[in-house]
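Q: Once you've had a glance at the structure underneath, I'll fire off some questions.
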Amino acid sequence: MTGESAFEQQELKAERGEPRTMTSQHPSSRTFRGNLILILLGALVASLVVGGVLWARSNTTWIKKQAGGSAWYLTYEGKSVRGEPRAAVRYRHNPDRYKPQQRDEQLGSTRLPWSTKVVVNTGAEARVEVTPAGDGIASCRILLDGVRVVASGKSPGPGRPAVCHVITSKTPEKWPR
């Protein structure tokens, strides 16, 4: 077996019924290339996923503006501080979050405390006015998502309206502190 090539040695072993053995401890270049391609494809897919997530996070506002319907859910409240618990109430809202027009609602004599949930488009004015009956004093509040107070007011004197107003954030999902 001394002058024979590795291939010839393998053939002789096969003729004698001996199992074939690899002549090299290193994987073939074909296996190496296959593994390299799989690793590169995995890295490419991972980088595309990470890049897509980062792009979506930074462009959510733009996407929402293009889709329309960016609005804030607010709660208007009115309370009697002193005097008769009745007031005339006026408030502004958007009847359709996909259209820019606002509507002012006016309620006649309304029992206090009073509240209503409204939708106000981004960058629009949210406003509520509570005019107490007689010589009463009223207060008002505008709450974001029914929790965070974004505007509040109190009658400056007996029988004078309590006015609350705020311009909503132009950026969806990001109300300034």
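Residues in the structure tokens are named by chain (A, B, ... in the order shown) and by number from 1 within that chain; ligands are numbered from 1 in the order shown.
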Got a sec: who's within 8 Å of Val89 (chain A), counting only C-alpha atoms, leaving out chain neighbours fewer than 2 positions off, as number ranges by chain?
A: A: 87, 91, 106-110, 128-131
Q: Mind checking which residues fall within 8 Å of region 146-155 of chain A, counting only C-alpha atoms, ignoring those fewer than 6 positions away in the same chain, and posting them as number ranges by chain?
A: A: 74-75, 131, 137-140, 161-166
Q: Take the residues just selected and output them with N, CA, C and O atoms as an mmCIF file, in the first residue's frame.
A:
data_model
loop_
_atom_site.group_PDB
_atom_site.id
_atom_site.type_symbol
_atom_site.label_atom_id
_atom_site.label_comp_id
_atom_site.auth_asym_id
_atom_site.auth_seq_id
_atom_site.Cartn_x
_atom_site.Cartn_y
_atom_site.Cartn_z
ATOM 1 N N LEU A 74 -60.810 62.636 24.497
ATOM 2 C CA LEU A 74 -60.802 63.522 25.655
ATOM 3 C C LEU A 74 -62.105 63.396 26.425
ATOM 4 O O LEU A 74 -63.130 63.002 25.880
ATOM 5 N N THR A 75 -62.047 63.765 27.702
ATOM 6 C CA THR A 75 -63.238 63.835 28.544
ATOM 7 C C THR A 75 -63.371 65.270 29.013
ATOM 8 O O THR A 75 -62.415 65.847 29.543
ATOM 9 N N THR A 131 -71.109 77.775 32.085
ATOM 10 C CA THR A 131 -71.629 79.033 32.643
ATOM 11 C C THR A 131 -72.644 78.695 33.729
ATOM 12 O O THR A 131 -73.725 78.165 33.432
ATOM 13 N N ILE A 137 -70.653 79.530 40.943
ATOM 14 C CA ILE A 137 -69.281 79.439 40.439
ATOM 15 C C ILE A 137 -69.072 78.001 39.990
ATOM 16 O O ILE A 137 -69.410 77.061 40.711
ATOM 17 N N ALA A 138 -68.511 77.845 38.806
ATOM 18 C CA ALA A 138 -68.305 76.511 38.220
ATOM 19 C C ALA A 138 -66.822 76.287 37.932
ATOM 20 O O ALA A 138 -66.025 77.222 37.897
ATOM 21 N N SER A 139 -66.491 75.030 37.717
ATOM 22 C CA SER A 139 -65.132 74.672 37.291
ATOM 23 C C SER A 139 -65.235 73.684 36.136
ATOM 24 O O SER A 139 -66.274 73.047 35.949
ATOM 25 N N CYS A 140 -64.169 73.573 35.380
ATOM 26 C CA CYS A 140 -64.148 72.633 34.261
ATOM 27 C C CYS A 140 -62.773 71.986 34.166
ATOM 28 O O CYS A 140 -61.782 72.527 34.680
ATOM 29 N N PRO A 161 -68.511 82.390 33.177
ATOM 30 C CA PRO A 161 -68.198 81.021 32.707
ATOM 31 C C PRO A 161 -66.790 80.550 33.101
ATOM 32 O O PRO A 161 -65.843 81.327 33.109
ATOM 33 N N ALA A 162 -66.713 79.276 33.390
ATOM 34 C CA ALA A 162 -65.424 78.599 33.549
ATOM 35 C C ALA A 162 -65.047 78.103 32.159
ATOM 36 O O ALA A 162 -65.847 77.446 31.494
ATOM 37 N N VAL A 163 -63.845 78.436 31.695
ATOM 38 C CA VAL A 163 -63.428 78.073 30.341
ATOM 39 C C VAL A 163 -62.156 77.230 30.404
ATOM 40 O O VAL A 163 -61.186 77.613 31.065
ATOM 41 N N CYS A 164 -62.180 76.117 29.719
ATOM 42 C CA CYS A 164 -61.001 75.256 29.582
ATOM 43 C C CYS A 164 -60.742 75.080 28.096
ATOM 44 O O CYS A 164 -61.657 74.754 27.344
ATOM 45 N N HIS A 165 -59.505 75.288 27.675
ATOM 46 C CA HIS A 165 -59.176 75.015 26.271
ATOM 47 C C HIS A 165 -57.701 74.668 26.162
ATOM 48 O O HIS A 165 -56.870 75.089 26.965
ATOM 49 N N VAL A 166 -57.414 73.868 25.141
ATOM 50 C CA VAL A 166 -56.052 73.438 24.862
ATOM 51 C C VAL A 166 -55.982 73.074 23.379
ATOM 52 O O VAL A 166 -56.952 72.597 22.807
#
Q: Please extract the residues of region 1-176 of chain A with a backbone DSSP assignment of strand (DSSP E) and present them as an MDAnalysis selection string.
A: chainID A and resid 71:82 86:93 103:111 114:121 125:132 137:144 148:154 162:167
Q: With a distance cut-off of 12 Å and only C-alpha atoms, select the neighbouring residues of Val118 (chain A), excluding the residue or stretch itself and same-chain residues fewer than 3 positions from it, and output the selection as a list of chain:residue names.
A: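 Listing them by chain and then by number gives A:Ala71, A:Trp72, A:Tyr73, A:Leu74, A:Thr75, A:Tyr76, A:Glu77, A:Tyr91, A:Arg92, A:His93, A:Asn94, A:Pro95, A:Asp96, A:Arg97, A:Gln102, A:Arg103, A:Asp104, A:Glu105, A:Ser115, A:Asn121, A:Ala126, A:Arg127, A:Val128, A:Ile142, A:Leu143, A:Leu144, A:Asp145, A:Gly146.
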Q: Just write the chosen residues, N, CA, C and O atoms, as a CSV table (one decimal), in the first residue's frame.
A:
chain,number,residue,atom,x,y,z
A,71,ALA,N,-56.6,61.4,16.0
A,71,ALA,CA,-57.4,62.2,17.0
A,71,ALA,C,-57.1,61.8,18.4
A,71,ALA,O,-56.5,60.7,18.6
A,72,TRP,N,-57.6,62.6,19.3
A,72,TRP,CA,-57.4,62.4,20.7
A,72,TRP,C,-58.8,62.1,21.3
A,72,TRP,O,-59.7,62.7,21.0
A,73,TYR,N,-58.8,61.2,22.3
A,73,TYR,CA,-60.0,60.9,23.0
A,73,TYR,C,-59.9,61.7,24.3
A,73,TYR,O,-59.0,61.4,25.2
A,74,LEU,N,-60.8,62.6,24.5
A,74,LEU,CA,-60.8,63.5,25.7
A,74,LEU,C,-62.1,63.4,26.4
A,74,LEU,O,-63.1,63.0,25.9
A,75,THR,N,-62.0,63.8,27.7
A,75,THR,CA,-63.2,63.8,28.5
A,75,THR,C,-63.4,65.3,29.0
A,75,THR,O,-62.4,65.8,29.5
A,76,TYR,N,-64.5,65.9,28.8
A,76,TYR,CA,-64.8,67.2,29.3
A,76,TYR,C,-65.7,67.0,30.6
A,76,TYR,O,-66.6,66.2,30.6
A,77,GLU,N,-65.3,67.8,31.6
A,77,GLU,CA,-66.1,67.8,32.9
A,77,GLU,C,-66.5,69.2,33.3
A,77,GLU,O,-65.7,70.1,33.1
A,91,TYR,N,-69.3,73.0,24.2
A,91,TYR,CA,-68.1,72.3,24.0
A,91,TYR,C,-67.8,72.1,22.5
A,91,TYR,O,-68.8,72.1,21.7
A,92,ARG,N,-66.6,71.9,22.2
A,92,ARG,CA,-66.2,71.7,20.8
A,92,ARG,C,-65.6,70.3,20.6
A,92,ARG,O,-64.9,69.8,21.5
A,93,HIS,N,-65.9,69.6,19.5
A,93,HIS,CA,-65.4,68.3,19.2
A,93,HIS,C,-65.4,68.1,17.7
A,93,HIS,O,-65.9,68.9,16.9
A,94,ASN,N,-64.9,66.9,17.3
A,94,ASN,CA,-64.9,66.5,15.9
A,94,ASN,C,-65.9,65.3,15.8
A,94,ASN,O,-65.7,64.3,16.4
A,95,PRO,N,-67.0,65.5,15.0
A,95,PRO,CA,-67.9,64.4,14.9
A,95,PRO,C,-67.4,63.2,14.1
A,95,PRO,O,-67.8,62.1,14.4
A,96,ASP,N,-66.4,63.5,13.2
A,96,ASP,CA,-65.8,62.4,12.5
A,96,ASP,C,-64.3,62.6,12.5
A,96,ASP,O,-63.8,63.6,12.0
A,97,ARG,N,-63.6,61.6,13.1
A,97,ARG,CA,-62.2,61.8,13.3
A,97,ARG,C,-61.4,61.8,11.9
A,97,ARG,O,-60.2,62.1,11.9
A,102,GLN,N,-64.9,70.9,12.9
A,102,GLN,CA,-65.2,70.8,14.3
A,102,GLN,C,-66.7,71.2,14.4
A,102,GLN,O,-67.2,72.0,13.6
A,103,ARG,N,-67.3,70.8,15.5
A,103,ARG,CA,-68.6,71.2,15.8
A,103,ARG,C,-68.7,71.7,17.2
A,103,ARG,O,-68.1,71.1,18.1
A,104,ASP,N,-69.4,72.8,17.4
A,104,ASP,CA,-69.7,73.3,18.8
A,104,ASP,C,-71.1,72.9,19.2
A,104,ASP,O,-72.0,73.1,18.5
A,105,GLU,N,-71.1,72.2,20.3
A,105,GLU,CA,-72.4,71.8,20.9
A,105,GLU,C,-72.8,72.7,22.0
A,105,GLU,O,-71.9,73.2,22.8
A,115,SER,N,-70.3,65.4,32.5
A,115,SER,CA,-69.1,65.0,31.7
A,115,SER,C,-69.5,64.3,30.4
A,115,SER,O,-70.7,63.8,30.4
A,121,ASN,N,-59.5,66.1,16.8
A,121,ASN,CA,-58.4,65.8,15.9
A,121,ASN,C,-57.1,66.4,16.4
A,121,ASN,O,-57.1,67.4,17.2
A,126,ALA,N,-59.4,71.9,21.7
A,126,ALA,CA,-60.4,71.3,22.6
A,126,ALA,C,-60.9,72.4,23.5
A,126,ALA,O,-60.1,73.1,24.1
A,127,ARG,N,-62.2,72.5,23.6
A,127,ARG,CA,-62.7,73.6,24.4
A,127,ARG,C,-64.0,73.2,25.1
A,127,ARG,O,-64.9,72.6,24.4
A,128,VAL,N,-64.2,73.6,26.3
A,128,VAL,CA,-65.4,73.5,27.1
A,128,VAL,C,-65.6,74.7,27.9
A,128,VAL,O,-64.7,75.3,28.4
A,142,ILE,N,-60.4,69.3,31.3
A,142,ILE,CA,-60.3,68.4,30.1
A,142,ILE,C,-59.3,67.4,30.4
A,142,ILE,O,-58.2,67.7,30.8
A,143,LEU,N,-59.7,66.1,30.3
A,143,LEU,CA,-58.8,65.0,30.6
A,143,LEU,C,-58.5,64.2,29.4
A,143,LEU,O,-59.3,63.9,28.5
A,144,LEU,N,-57.2,63.8,29.2
A,144,LEU,CA,-56.7,62.9,28.2
A,144,LEU,C,-56.9,61.5,28.6
A,144,LEU,O,-56.5,61.1,29.7
A,145,ASP,N,-57.6,60.7,27.8
A,145,ASP,CA,-58.0,59.3,28.0
A,145,ASP,C,-58.7,59.2,29.4
A,145,ASP,O,-58.5,58.1,30.0
A,146,GLY,N,-59.4,60.2,29.8
A,146,GLY,CA,-60.1,60.1,31.1
A,146,GLY,C,-59.3,60.1,32.3
A,146,GLY,O,-59.8,59.9,33.4
Q: With only C-alpha atoms as the atoms that count, which of A:Pro176, A:Glu15, A:Arg141, A:Ala88 lies nearest to Arg160 (chain A)?
A: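 Counting only C-alpha atoms, the residue closest to Arg160 (chain A) is A:Ala88.
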Q: Which distance in Å separates CA of Leu48 (chain A) and CA of Glu173 (chain A), to one decimal?
A: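 Atom-to-atom, CA of Leu48 (chain A) to CA of Glu173 (chain A), that is 26.0 Å.
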